[in-house]
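File shown here: entry-v3.txt, holding compact mmCIF, C-alpha atoms.
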# COMPACT_ATOMS: atom_id res chain seq x y z
CA MET A 1 15.97 -41.82 68.28
CA HIS A 2 16.64 -45.28 66.91
CA ALA A 3 16.48 -44.55 63.14
CA THR A 4 19.77 -42.69 62.74
CA ARG A 5 21.95 -44.70 65.09
CA ARG A 6 21.82 -47.98 63.21
CA HIS A 7 24.66 -47.13 60.85
CA PHE A 8 26.87 -46.04 63.73
CA LEU A 9 26.50 -49.18 65.80
CA ALA A 10 25.45 -51.77 63.22
CA GLY A 11 28.90 -53.35 63.17
CA THR A 12 28.93 -53.76 66.93
CA ALA A 13 25.44 -55.27 66.95
CA ALA A 14 26.37 -57.71 64.20
CA MET A 15 29.50 -58.84 65.99
CA THR A 16 27.78 -59.38 69.33
CA ALA A 17 24.83 -61.17 67.73
CA VAL A 18 27.01 -64.09 66.69
CA SER A 19 28.47 -64.54 70.19
CA LEU A 20 25.42 -64.39 72.43
CA THR A 21 25.81 -65.62 75.97
CA GLY A 22 24.05 -68.79 77.08
CA ILE A 23 21.85 -66.71 79.38
CA ALA A 24 20.80 -64.57 76.42
CA ARG A 25 20.04 -67.57 74.23
CA ALA A 26 17.78 -69.05 76.90
CA ALA A 27 15.95 -65.75 77.34
CA ILE A 28 15.52 -65.32 73.59
CA ALA A 29 14.00 -68.80 73.32
CA GLU A 30 11.25 -67.73 75.71
CA ALA A 31 10.06 -65.15 73.15
CA GLY A 32 8.61 -68.04 71.19
CA ASP A 33 5.86 -68.27 73.78
CA LEU A 34 4.57 -64.77 73.01
CA THR A 35 1.27 -64.48 71.13
CA PRO A 36 1.29 -62.31 67.99
CA MET A 37 -0.83 -59.19 68.27
CA THR A 38 -3.80 -58.55 66.00
CA LEU A 39 -2.68 -55.92 63.50
CA PRO A 40 -4.66 -53.31 61.57
CA PRO A 41 -4.83 -53.82 57.79
CA PRO A 42 -2.16 -52.25 55.56
CA ILE A 43 -2.86 -49.05 53.66
CA GLY A 44 -5.12 -49.82 50.70
CA THR A 45 -5.94 -48.34 47.32
CA ALA A 46 -8.73 -46.06 48.57
CA GLU A 47 -6.41 -44.39 51.06
CA ARG A 48 -3.71 -43.86 48.44
CA LEU A 49 -6.19 -42.39 45.97
CA ASP A 50 -7.27 -39.96 48.68
CA ARG A 51 -3.61 -39.02 49.18
CA LEU A 52 -3.23 -38.36 45.48
CA ALA A 53 -6.32 -36.15 45.53
CA ARG A 54 -4.86 -34.11 48.39
CA VAL A 55 -1.51 -33.90 46.61
CA ARG A 56 -3.13 -32.65 43.39
CA LYS A 57 -5.09 -30.01 45.26
CA LEU A 58 -1.84 -28.70 46.74
CA MET A 59 -0.12 -28.92 43.33
CA ALA A 60 -2.78 -26.70 41.78
CA ALA A 61 -2.56 -24.23 44.65
CA ASN A 62 1.24 -24.00 44.21
CA ASN A 63 1.24 -23.89 40.38
CA ILE A 64 3.02 -27.23 40.16
CA GLY A 65 2.40 -29.24 37.01
CA SER A 66 4.04 -32.49 38.10
CA VAL A 67 5.82 -34.16 40.98
CA LEU A 68 8.68 -36.66 40.60
CA VAL A 69 9.20 -39.11 43.47
CA GLU A 70 11.93 -41.74 43.32
CA ALA A 71 12.08 -45.04 45.20
CA GLY A 72 11.68 -44.70 48.94
CA PRO A 73 8.99 -44.09 51.56
CA SER A 74 7.26 -41.32 49.59
CA LEU A 75 6.93 -43.57 46.54
CA ASP A 76 5.34 -46.23 48.74
CA TYR A 77 3.14 -43.59 50.40
CA LEU A 78 1.70 -42.38 47.10
CA THR A 79 1.70 -45.50 44.90
CA GLY A 80 2.33 -48.57 47.06
CA VAL A 81 5.50 -49.36 45.08
CA GLN A 82 8.09 -50.70 47.51
CA TRP A 83 11.49 -50.44 45.90
CA TRP A 84 15.06 -49.56 46.77
CA ARG A 85 17.37 -46.91 45.38
CA SER A 86 20.19 -47.81 43.04
CA GLU A 87 21.91 -46.29 40.03
CA ARG A 88 18.85 -47.36 38.00
CA LEU A 89 15.89 -45.01 38.25
CA THR A 90 12.55 -46.23 39.53
CA ALA A 91 10.20 -43.32 40.14
CA ALA A 92 6.64 -42.03 39.88
CA VAL A 93 5.72 -38.96 37.86
CA ILE A 94 2.45 -37.48 39.12
CA PRO A 95 0.75 -34.91 36.87
CA VAL A 96 -1.67 -32.35 38.29
CA GLU A 97 -4.39 -34.09 36.26
CA GLY A 98 -4.67 -37.71 35.12
CA ASP A 99 -3.03 -40.93 36.24
CA PRO A 100 0.65 -41.09 37.21
CA ILE A 101 3.25 -43.19 35.48
CA ILE A 102 5.92 -45.39 37.00
CA VAL A 103 9.31 -45.29 35.27
CA THR A 104 11.46 -48.37 35.88
CA PRO A 105 13.98 -50.60 34.07
CA PHE A 106 12.40 -53.04 31.60
CA PHE A 107 13.60 -56.11 33.49
CA GLU A 108 12.19 -54.78 36.79
CA LYS A 109 8.62 -54.23 35.55
CA PRO A 110 7.18 -57.56 36.78
CA SER A 111 8.62 -57.04 40.25
CA VAL A 112 7.69 -53.37 40.52
CA SER A 113 4.12 -54.05 39.39
CA GLU A 114 3.57 -56.47 42.29
CA SER A 115 3.28 -53.69 44.85
CA LEU A 116 1.72 -50.98 42.65
CA ASN A 117 -1.51 -50.06 44.43
CA ILE A 118 -3.04 -47.31 42.25
CA PRO A 119 -4.01 -46.93 38.58
CA ALA A 120 -0.76 -46.04 36.82
CA GLU A 121 0.98 -46.96 33.58
CA ILE A 122 4.42 -48.54 33.94
CA ARG A 123 6.84 -47.18 31.33
CA THR A 124 10.13 -49.00 31.00
CA TRP A 125 13.60 -48.17 29.76
CA ASN A 126 16.43 -50.41 28.64
CA GLU A 127 20.00 -50.26 29.85
CA ASP A 128 21.17 -48.24 26.83
CA GLU A 129 18.40 -45.61 27.20
CA GLU A 130 17.98 -42.45 29.27
CA PRO A 131 15.13 -42.88 31.78
CA LEU A 132 14.74 -39.11 32.22
CA LYS A 133 13.79 -38.89 28.55
CA LEU A 134 10.75 -41.01 29.40
CA VAL A 135 9.87 -38.48 32.08
CA ALA A 136 10.32 -35.53 29.72
CA ASP A 137 8.27 -37.21 26.99
CA PHE A 138 5.44 -37.88 29.44
CA LEU A 139 5.36 -34.29 30.68
CA ARG A 140 5.14 -33.04 27.11
CA GLU A 141 2.30 -35.47 26.38
CA ARG A 142 0.36 -34.18 29.36
CA LYS A 143 1.18 -30.59 28.37
CA VAL A 144 2.52 -29.76 31.84
CA ASP A 145 6.12 -29.23 30.71
CA GLY A 146 5.61 -25.46 30.90
CA HIS A 147 4.65 -25.65 34.57
CA SER A 148 6.94 -26.19 37.55
CA ILE A 149 8.30 -29.70 38.08
CA ALA A 150 8.55 -30.50 41.79
CA MET A 151 11.19 -32.84 43.21
CA GLU A 152 10.53 -34.81 46.40
CA GLU A 153 13.05 -33.60 48.95
CA THR A 154 15.07 -36.82 49.19
CA ASN A 155 15.46 -37.30 45.42
CA ARG A 156 19.12 -37.56 44.45
CA PHE A 157 20.71 -34.68 42.57
CA TRP A 158 21.55 -36.66 39.44
CA ILE A 159 17.83 -37.08 38.69
CA GLN A 160 17.25 -33.34 38.62
CA ASP A 161 20.48 -32.75 36.72
CA ARG A 162 19.68 -35.22 33.95
CA LEU A 163 16.06 -34.10 33.68
CA SER A 164 17.32 -30.54 33.21
CA ARG A 165 19.35 -31.72 30.21
CA GLN A 166 16.18 -33.16 28.68
CA MET A 167 14.15 -30.04 29.50
CA PRO A 168 16.53 -27.05 29.73
CA ALA A 169 13.71 -24.54 30.21
CA ALA A 170 12.01 -26.48 32.99
CA ARG A 171 11.40 -24.77 36.33
CA ILE A 172 12.38 -27.34 38.93
CA VAL A 173 11.13 -26.61 42.45
CA SER A 174 10.75 -28.35 45.82
CA ALA A 175 7.83 -30.70 46.35
CA ASN A 176 7.76 -29.95 50.09
CA PRO A 177 4.57 -27.86 49.88
CA VAL A 178 2.92 -30.93 48.36
CA VAL A 179 4.49 -34.23 49.49
CA ARG A 180 5.86 -33.17 52.87
CA ALA A 181 2.69 -31.26 53.69
CA THR A 182 0.57 -34.33 52.97
CA ARG A 183 2.77 -36.91 54.68
CA MET A 184 3.10 -34.88 57.88
CA ARG A 185 -0.63 -35.07 58.63
CA LYS A 186 -1.48 -38.69 59.38
CA THR A 187 -4.91 -40.17 58.84
CA ALA A 188 -6.78 -42.49 61.20
CA ALA A 189 -5.52 -45.53 59.27
CA GLU A 190 -1.91 -44.40 59.63
CA LEU A 191 -2.32 -43.61 63.33
CA ALA A 192 -3.76 -47.09 63.91
CA LEU A 193 -0.65 -48.70 62.38
CA MET A 194 1.65 -46.50 64.47
CA GLN A 195 -0.34 -47.39 67.58
CA ALA A 196 0.07 -51.09 66.81
CA ALA A 197 3.83 -50.66 66.34
CA SER A 198 4.08 -48.83 69.67
CA ASP A 199 2.04 -51.49 71.44
CA ILE A 200 4.39 -54.16 70.13
CA THR A 201 7.50 -52.29 71.28
CA ILE A 202 6.09 -51.75 74.78
CA ALA A 203 5.17 -55.44 75.00
CA ALA A 204 8.66 -56.41 73.82
CA PHE A 205 10.20 -54.20 76.52
CA ARG A 206 7.96 -55.78 79.15
CA HIS A 207 9.17 -59.18 78.02
CA ALA A 208 12.84 -58.22 77.91
CA TRP A 209 13.26 -56.05 81.01
CA PRO A 210 12.94 -58.80 83.66
CA ARG A 211 15.15 -61.09 81.58
CA VAL A 212 18.18 -58.79 81.58
CA LYS A 213 20.93 -60.53 83.55
CA ALA A 214 24.41 -59.72 84.81
CA GLY A 215 27.07 -60.24 82.15
CA MET A 216 24.79 -59.55 79.20
CA SER A 217 26.16 -57.31 76.45
CA PRO A 218 24.13 -54.71 74.52
CA GLY A 219 24.02 -57.20 71.64
CA ASP A 220 22.55 -59.86 73.92
CA ILE A 221 19.80 -57.53 75.08
CA ASP A 222 19.06 -56.20 71.60
CA ALA A 223 18.71 -59.77 70.33
CA LEU A 224 16.27 -60.48 73.17
CA ILE A 225 14.22 -57.36 72.38
CA GLY A 226 14.29 -58.14 68.67
CA ALA A 227 13.07 -61.70 69.19
CA ALA A 228 10.14 -60.41 71.23
CA HIS A 229 9.24 -57.84 68.58
CA ARG A 230 9.19 -60.46 65.84
CA ALA A 231 7.18 -62.93 67.90
CA LEU A 232 4.60 -60.21 68.57
CA GLY A 233 4.27 -59.38 64.86
CA GLY A 234 6.55 -56.37 64.40
CA ASP A 235 9.18 -55.91 61.70
CA TYR A 236 12.40 -55.35 63.68
CA ASP A 237 15.70 -54.24 62.19
CA SER A 238 17.93 -53.41 65.13
CA GLY A 239 17.80 -51.26 68.22
CA LEU A 240 20.13 -49.37 70.49
CA VAL A 241 20.97 -50.77 73.92
CA LEU A 242 23.47 -48.89 76.06
CA VAL A 243 25.00 -49.85 79.39
CA GLY A 244 26.87 -47.78 81.97
CA GLU A 245 28.78 -44.70 80.85
CA ALA A 246 27.68 -45.31 77.26
CA THR A 247 24.22 -44.03 78.24
CA ALA A 248 25.78 -40.56 78.59
CA TYR A 249 26.27 -40.42 74.81
CA PRO A 250 23.01 -40.33 72.81
CA HIS A 251 24.17 -42.83 70.17
CA GLY A 252 26.43 -44.80 72.44
CA SER A 253 30.00 -46.01 72.36
CA HIS A 254 32.03 -48.82 70.81
CA LYS A 255 33.70 -49.51 74.17
CA PRO A 256 32.85 -52.91 75.69
CA GLN A 257 29.75 -52.83 77.88
CA VAL A 258 28.27 -55.52 80.12
CA VAL A 259 25.48 -55.42 82.65
CA ALA A 260 26.56 -55.36 86.29
CA LYS A 261 24.92 -54.47 89.58
CA GLY A 262 24.07 -50.77 89.59
CA SER A 263 24.47 -50.36 85.80
CA ASN A 264 22.47 -47.64 84.12
CA VAL A 265 20.75 -49.32 81.14
CA LEU A 266 19.00 -47.67 78.19
CA PHE A 267 16.70 -49.34 75.65
CA ASP A 268 15.98 -47.32 72.47
CA CYS A 269 14.10 -49.48 69.99
CA GLY A 270 11.21 -49.61 67.58
CA CYS A 271 9.58 -51.67 64.88
CA SER A 272 7.34 -51.19 61.89
CA VAL A 273 3.84 -52.48 61.17
CA HIS A 274 2.92 -52.40 57.48
CA GLY A 275 5.56 -49.70 57.02
CA TYR A 276 4.71 -47.47 60.00
CA GLN A 277 7.18 -46.96 62.83
CA SER A 278 7.46 -46.91 66.60
CA ASP A 279 10.36 -45.39 68.55
CA ILE A 280 10.49 -45.78 72.34
CA SER A 281 13.24 -45.41 74.95
CA ARG A 282 13.43 -46.54 78.55
CA SER A 283 16.16 -45.98 81.14
CA PHE A 284 16.64 -47.87 84.41
CA VAL A 285 19.21 -49.08 86.92
CA TRP A 286 19.82 -52.83 86.97
CA GLY A 287 20.19 -54.96 90.09
CA ALA A 288 20.38 -52.20 92.69
CA ASP A 289 18.49 -49.22 94.03
CA PRO A 290 19.20 -46.09 91.97
CA THR A 291 21.51 -43.58 93.56
CA PRO A 292 19.95 -40.27 94.61
CA HIS A 293 21.66 -38.66 91.60
CA GLN A 294 20.30 -41.24 89.14
CA ARG A 295 16.81 -40.88 90.59
CA LYS A 296 16.95 -37.08 90.46
CA VAL A 297 18.05 -36.98 86.81
CA TRP A 298 15.42 -39.57 85.84
CA ASP A 299 12.69 -37.53 87.53
CA GLN A 300 13.90 -34.32 85.87
CA MET A 301 13.90 -35.94 82.45
CA ALA A 302 10.38 -37.29 83.06
CA MET A 303 9.31 -33.74 83.92
CA GLY A 304 10.90 -32.59 80.67
CA GLN A 305 8.54 -34.89 78.77
CA LYS A 306 5.57 -33.39 80.61
CA ILE A 307 6.73 -29.86 79.77
CA ALA A 308 7.04 -30.80 76.11
CA MET A 309 3.53 -32.26 76.03
CA LYS A 310 2.05 -29.17 77.64
CA ALA A 311 3.71 -27.00 74.98
CA ALA A 312 2.71 -29.20 72.00
CA GLN A 313 -0.59 -27.56 71.12
CA VAL A 314 -2.25 -26.94 67.75
CA GLY A 315 -0.84 -23.80 66.16
CA ALA A 316 2.29 -23.60 68.31
CA PRO A 317 5.58 -23.40 66.36
CA ALA A 318 7.31 -26.80 66.51
CA GLY A 319 10.44 -25.13 67.89
CA SER A 320 8.56 -23.71 70.87
CA VAL A 321 8.27 -27.22 72.33
CA ASP A 322 12.06 -27.53 72.41
CA ASP A 323 12.37 -24.02 73.81
CA ALA A 324 10.01 -24.79 76.71
CA VAL A 325 11.99 -27.86 77.74
CA ARG A 326 15.34 -26.13 77.38
CA ALA A 327 14.21 -23.17 79.51
CA ALA A 328 13.29 -25.52 82.35
CA TYR A 329 16.54 -27.45 82.06
CA THR A 330 18.55 -24.23 82.18
CA SER A 331 16.72 -23.21 85.35
CA TRP A 332 17.77 -26.54 86.88
CA GLY A 333 21.43 -25.92 86.10
CA TYR A 334 21.82 -27.75 82.78
CA GLY A 335 23.07 -26.28 79.53
CA PRO A 336 22.49 -23.53 78.67
CA GLY A 337 21.23 -24.34 75.19
CA TYR A 338 22.76 -27.52 73.81
CA LYS A 339 25.73 -27.57 76.19
CA LEU A 340 26.45 -30.49 78.50
CA PRO A 341 25.57 -31.63 81.06
CA GLY A 342 22.05 -31.31 79.70
CA LEU A 343 20.13 -31.88 76.47
CA SER A 344 22.50 -31.95 73.52
CA HIS A 345 19.95 -32.92 70.85
CA ARG A 346 16.47 -31.78 69.77
CA THR A 347 13.49 -32.57 71.97
CA GLY A 348 11.88 -34.69 69.26
CA HIS A 349 11.63 -35.66 65.61
CA GLY A 350 8.78 -36.35 63.23
CA ILE A 351 7.85 -39.99 62.76
CA GLY A 352 5.60 -42.02 60.47
CA MET A 353 6.73 -44.26 57.62
CA GLU A 354 10.28 -43.30 58.60
CA GLY A 355 11.68 -43.35 62.11
CA HIS A 356 12.89 -39.79 61.50
CA GLU A 357 10.96 -37.54 59.17
CA PRO A 358 10.08 -33.82 59.00
CA VAL A 359 9.57 -31.74 60.97
CA ASN A 360 11.56 -31.68 64.22
CA LEU A 361 10.86 -30.28 67.66
CA VAL A 362 14.01 -28.17 67.56
CA HIS A 363 14.89 -24.57 68.35
CA GLY A 364 14.07 -22.30 65.43
CA GLU A 365 11.56 -24.58 63.66
CA THR A 366 8.59 -22.36 62.79
CA THR A 367 6.20 -24.94 61.28
CA PRO A 368 2.90 -24.71 63.21
CA LEU A 369 1.77 -27.91 64.88
CA ASP A 370 -1.36 -29.31 63.26
CA ILE A 371 -3.79 -32.19 63.73
CA GLY A 372 -2.31 -35.50 62.62
CA MET A 373 1.35 -34.54 63.02
CA CYS A 374 3.40 -37.13 64.91
CA PHE A 375 6.57 -36.67 66.96
CA SER A 376 8.88 -38.31 69.43
CA ASN A 377 9.20 -36.72 72.88
CA GLU A 378 12.71 -37.47 74.17
CA PRO A 379 14.41 -34.56 75.98
CA GLY A 380 17.22 -36.68 77.42
CA ILE A 381 19.67 -35.49 80.04
CA TYR A 382 23.31 -36.52 79.56
CA ILE A 383 26.21 -36.22 82.00
CA PRO A 384 29.48 -37.03 80.19
CA GLY A 385 31.68 -39.52 82.01
CA GLN A 386 28.81 -40.70 84.21
CA PHE A 387 25.44 -41.65 82.71
CA GLY A 388 22.47 -40.41 80.75
CA ILE A 389 18.71 -40.75 81.04
CA ARG A 390 16.47 -40.87 77.99
CA LEU A 391 12.77 -41.62 78.03
CA GLU A 392 11.12 -41.49 74.63
CA ASP A 393 7.46 -41.77 73.77
CA CYS A 394 5.80 -40.72 70.53
CA PHE A 395 2.58 -38.74 70.26
CA HIS A 396 0.22 -37.24 67.71
CA ILE A 397 -1.52 -33.89 67.68
CA THR A 398 -5.31 -33.87 68.09
CA ALA A 399 -7.84 -31.03 68.26
CA ASN A 400 -7.80 -31.49 72.04
CA GLY A 401 -4.03 -31.50 72.39
CA PRO A 402 -1.25 -34.10 72.07
CA ARG A 403 -1.98 -37.78 72.65
CA TYR A 404 0.63 -40.43 73.39
CA PHE A 405 1.00 -43.69 71.47
CA SER A 406 2.84 -45.09 74.51
CA GLU A 407 2.43 -43.81 78.06
CA PRO A 408 5.66 -42.77 79.81
CA PRO A 409 6.72 -44.82 82.83
CA LYS A 410 5.86 -43.56 86.30
CA SER A 411 9.22 -44.06 87.99
CA ILE A 412 12.77 -45.32 87.54
CA ASP A 413 11.77 -48.35 89.62
CA GLN A 414 9.09 -49.43 87.12
CA PRO A 415 10.54 -48.35 83.75
CA VAL A 416 8.20 -50.43 81.56

Please render this file's structure as structure tokens.
Amino acid sequence: MHATRRHFLAGTAAMTAVSLTGIARAAIAEAGDLTPMTLPPPIGTAERLDRLARVRKLMAANNIGSVLVEAGPSLDYLTGVQWWRSERLTAAVIPVEGDPIIVTPFFEKPSVSESLNIPAEIRTWNEDEEPLKLVADFLRERKVDGHSIAMEETNRFWIQDRLSRQMPAARIVSANPVVRATRMRKTAAELALMQAASDITIAAFRHAWPRVKAGMSPGDIDALIGAAHRALGGDYDSGLVLVGEATAYPHGSHKPQVVAKGSNVLFDCGCSVHGYQSDISRSFVWGADPTPHQRKVWDQMAMGQKIAMKAAQVGAPAGSVDDAVRAAYTSWGYGPGYKLPGLSHRTGHGIGMEGHEPVNLVHGETTPLDIGMCFSNEPGIYIPGQFGIRLEDCFHITANGPRYFSEPPKSIDQPV
């Protein structure tokens, strides 16, 4: 779940990071002894050209003449260009036939070209020019202006709006049947990068768990986990660490939290390897035997993961996985539905180049599960005012059923 919570708790993490306890600093220093893992190679040109071929096949099948993808993960996925979004447009225009173009400001061309990984012309615009005119001119050159123009689903509205002014008769449609459909089904190279990211996160948890001490704050522990990730070779932004009652709220609390004997502790962290993500959660009780209630809820949540995996079969609607878990939880006295105590969020989310990406394991989602799709499995149980348990492991769909990137823990006593 770590991708969406960063904005909520980033301020807290930043404040605690500058006031780490001495115990935390000593534990973090030990991460320097970790040996970096051997990583798979990054995605190369051949893989991206294969992606473009699959995209074009879907474009033809859906009568789409071109696809426009602005800066972000999908631009990287298709072209290798790694760029950020601003008020200045950097985007790829992919025609159904022929090489794409990259549209970017004139002064950005040298920087943008550094990561371009496919054959594509870079067309530039100056500050006093309309970049969408470049797009319109290109579509007319390629004689695809009479076909549908598809927008990647995260493109900002102003791009579509200004392109419509350049091409008033254009039929602008969603690129989901093309870009989303391709990105959802991971290849062996992508799965290898996600496996490496998961291996790093599990190793970081194994390093951090025995080094958690009384008096540590969530910021202390996150810094410890982050140091281990980086030493092992992962790209770590920030994670979510919750202590005590804060574990009852999926994205935590701004109230002060410190580790004490009997504290319920939750790690929810991940990293990226060459742009591909991990997302893993572990829950445990620190410094004391779990209470019967803590143990029962942990065991129930672990069973929820098993129920989800049993339901996650090729051809099953994605929402049916959530429904199977929720039916069991209701029979155990939780809910019903999304009510608390119980599971107040979806059972899982898609994952790949983004920590959260389509589609979700959520009630009502009809997309059939297919080979190569990747999801988190995290049907947490939350008891407001007391504590929550969340275990999270990601998996991918194979012809023989779902397969974990990280194996769930066996008990609350051995959480990692």

(message) Let me make sure I understand: among A:Ala26, A:Met151, A:Ala92, A:Val135, which one has the smallest atom-to-atom distance to Pro119 in chain A if we use only C-alpha atoms?
(response)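 The answer is A:Ala92, which sits nearest to Pro119 in chain A.
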
(message) Residues near Ala318 in chain A, anyone? I mean within 10 Å using all atoms listed in the file, not counting same-chain ones fewer than 2 positions away, as a list of chain:residue names.
(response)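 These residues fall inside the cut-off: A:Ala311, A:Ala312, A:Gln313, A:Val314, A:Gly315, A:Ala316, A:Ser320, A:Val321, A:Asp322, A:Asp323, A:Gly348, A:His349, A:Val359, A:Asn360, A:Leu361, A:Val362, A:His363, A:Gly364, A:Glu365, A:Thr366, A:Thr367, A:Pro368, A:Leu369, A:Asp370, A:Phe375.
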
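For the set A:His147, A:Ala214, A:Arg140, A:Thr90, the residue with the smallest atom-to-atom gap to Arg123 in chain A is A:Thr90, counting only C-alpha atoms.
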
Pull the closest atom pair for each residue of range 195-295 of chain A that gets at most 12 Å from range 57-77 of chain A, along with the distance in Å to one decimal, counting all atoms listed in the file, ordering rows by chain and then ascending residue number, as CSV.
residue,atom,partner,partner_atom,distance
A:His274,CA,A:Asp76,CA,11.0
A:Gly275,CA,A:Pro73,CA,8.5
A:Tyr276,CA,A:Pro73,CA,10.0
A:Gln277,CA,A:Pro73,CA,11.8

(message) Give me the residues near Ala302 in chain A as a ChimeraX atom specification, where near means some atom within 9 Å (using all atoms listed in the file) and where sequence neighbours in that chain fewer than 2 positions away do not count.
(response) /A:297-300,304-307,379-380,390-391,408-411

(request) Would you mind telling me which residue in A:Gln414, A:Thr38, A:Thr291, A:Thr124 lies nearest to Gln195 in chain A when using only C-alpha atoms? (result)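 Closest residue, counting only C-alpha atoms: A:Thr38.
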
(message) For Ala227 in chain A, find every residue with an atom within 12 Å (counting all atoms listed in the file), except residues of its own chain fewer than 3 positions away, and show them as a VMD selection string.
(response) chain A and resid 17 24 to 34 36 200 to 201 203 to 205 207 to 208 220 to 224 230 to 239 271

(message) If we count all atoms listed in the file and set the cut-off at 12 Å, which residues sit around Ser111 in chain A, ignoring sequence neighbours fewer than 6 positions away in its own chain? Please answer as a PyMOL selection string.
(response) chain A and resi 81-84+90+104-105+122
